[in-house]
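Here's the structure we're looking at; comments come further down.
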Amino acid sequence: MEPINEVFSVITQNMKLGHVELFCKNCEATRDFYVAHLGFEETEVQGGKYIWLRSEGSEILLRPGRFKSRAKDYSESEAALVVYCPDLSSFTDNLTSAGVELGVPDGSPDCITFRDPDGRWLQAVENY
């Protein structure tokens with residue numbers, strides 16, 4: 001009999017993360033935010049209510065649901081999305097000029113925190 005770790009390794013060796021599903025109060029508003037501010041593109045609307053977004057090789061599926069963040073700031077959130085941007089200063093200016101409120105800094109001068117329309121926390125990091 002093979003040890004369980006060896007069997008598990010064979011089963012999982014070709015696995016990869018498929019996509020992230022976000023439950024939204026209003027999928028259209030969330031889509032608009034991710035497209036306008038984060039550079040995602042809408043790739044498909046499935047069944048008239050499930051919205052697929054893509055950025056580089058990452059996919060997000062927006063699904064109708066009841067998401068409610070209880071976290072008052074980024075460090076208290078259960079999970080968060082992190083996006084990379086080439087110019088954090090310009091990105092920050094674009095968000096704030098669109099009325100997006102920034103959260104408490106997360107300890108690094110090279111990142112900002114903010115929420116999407118559902119209250120989900122995100123972090124933007126300047127990549128070099």
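So you can find residues: chains in the structure tokens are A, B, ... in the order shown, residues in each start at 1, and ligands are numbered from 1 in order.
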For Glu76 in chain A, please output as a list in words all residues within 12 Å (counting only C-alpha atoms; exclusion window: fewer than 3 positions along the same chain).
-> Ser69, Arg70, Ala71, Lys72, Asp73, Ala79, Ala80, Gly103, Val104, Asp106, Thr113, Arg120 and Trp121 of chain A
Would you return as a ChimeraX atom specification the members of range 32-74 of chain A that DSSP assigns to helix (DSSP H, G or I) on this structure's backbone?
-> /A:32-38,74
Restricting the output to C-alpha atoms, write the selected residues as a CSV table (one decimal), in the first residue's frame.
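To be explicit, this is the file written out as again.csv:
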```csv
chain,number,residue,atom,x,y,z
A,32,ASP,CA,-18.0,48.5,-13.6
A,33,PHE,CA,-15.6,49.1,-10.7
A,34,TYR,CA,-13.2,46.3,-11.7
A,35,VAL,CA,-13.3,47.3,-15.4
A,36,ALA,CA,-13.0,51.1,-14.8
A,37,HIS,CA,-10.5,51.2,-11.9
A,38,LEU,CA,-8.6,47.9,-12.0
A,74,TYR,CA,-7.7,45.7,5.6
```
Those of chain A in DSSP strand (DSSP E), formatted as number ranges by chain | A: 20-24, 41-46, 50-55, 58-64, 81-85, 111-115, 121-126
Could you give me, as a ChimeraX atom specification, the residues within 8 Å of Val20 in chain A, counting only C-alpha atoms and dropping anything in the same chain fewer than 2 positions from it?
-> /A:18,22,59-61
As a check of understanding: the span from CA of Arg66 in chain A to CA of Thr30 in chain A is 13.0 Å
Nearest candidate to Glu41 in chain A (options A:Ala124, A:Ala29, A:Leu53, A:Leu88; using only C-alpha atoms) |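 Looking only at the distances to Glu41 in chain A, the closest residue turns out to be A:Leu53.
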For Thr92 in chain A, find every residue with an atom within 9 Å (counting only C-alpha atoms), except residues of its own chain fewer than 4 positions away, and show them as a compact mmCIF listing (two decimals) with N, CA and C atoms, in the first residue's frame.
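As written to disk, around_38.txt reads:
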```txt
# COMPACT_ATOMS: atom_id res chain seq x y z
N ASP A 87 2.48 52.32 -11.30
CA ASP A 87 2.63 53.66 -10.74
C ASP A 87 1.57 53.86 -9.67
N LEU A 88 1.92 53.59 -8.42
CA LEU A 88 0.97 53.64 -7.33
C LEU A 88 0.42 55.04 -7.11
N THR A 96 -8.99 58.09 -5.94
CA THR A 96 -9.55 59.14 -5.09
C THR A 96 -10.35 60.16 -5.90
N SER A 97 -9.93 60.44 -7.13
CA SER A 97 -10.71 61.38 -7.96
C SER A 97 -12.05 60.78 -8.36
N LEU A 102 -9.84 55.59 0.54
CA LEU A 102 -8.70 54.73 0.87
C LEU A 102 -8.79 54.28 2.32
N ILE A 112 -1.53 50.58 -1.09
CA ILE A 112 -2.70 51.26 -0.54
C ILE A 112 -3.80 50.22 -0.36
N ALA A 124 -3.52 47.58 -3.41
CA ALA A 124 -2.74 47.83 -4.62
C ALA A 124 -1.29 47.99 -4.21
```
Residue nearest Phe114 in chain A - candidates A:Trp52, A:Phe91, A:Phe23, A:Phe67, atoms counted: only C-alpha atoms |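 Looking only at the distances to Phe114 in chain A, the closest residue turns out to be A:Phe91.
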Distance query Leu62 in chain A at most 6 Å, only C-alpha atoms, self and fewer than 3 positions along chain excluded, as a ChimeraX atom specification = /A:21-22,27,50-51
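Minimum atom-to-atom distance to Asp118 in chain A, evaluated using only C-alpha atoms, belongs to A:Lys68 out of A:Gly47, A:Ser55, A:Lys68, A:Ser75.
For the set A:Arg63, A:Arg31, A:Val125, A:Ser108, the residue with the smallest atom-to-atom gap to Thr43 in chain A is A:Arg31, counting only C-alpha atoms.
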Which of these residues is nearest to Pro64 in chain A, using only C-alpha atoms: A:Gln123, A:Gln46, A:Ser77, A:Asn94?
-> A:Gln46
Given the choices A:Glu28, A:Glu42, A:Asp116, A:Glu56, which gets closest to Tyr84 in chain A if the distance is worked out from only C-alpha atoms?
-> A:Glu56
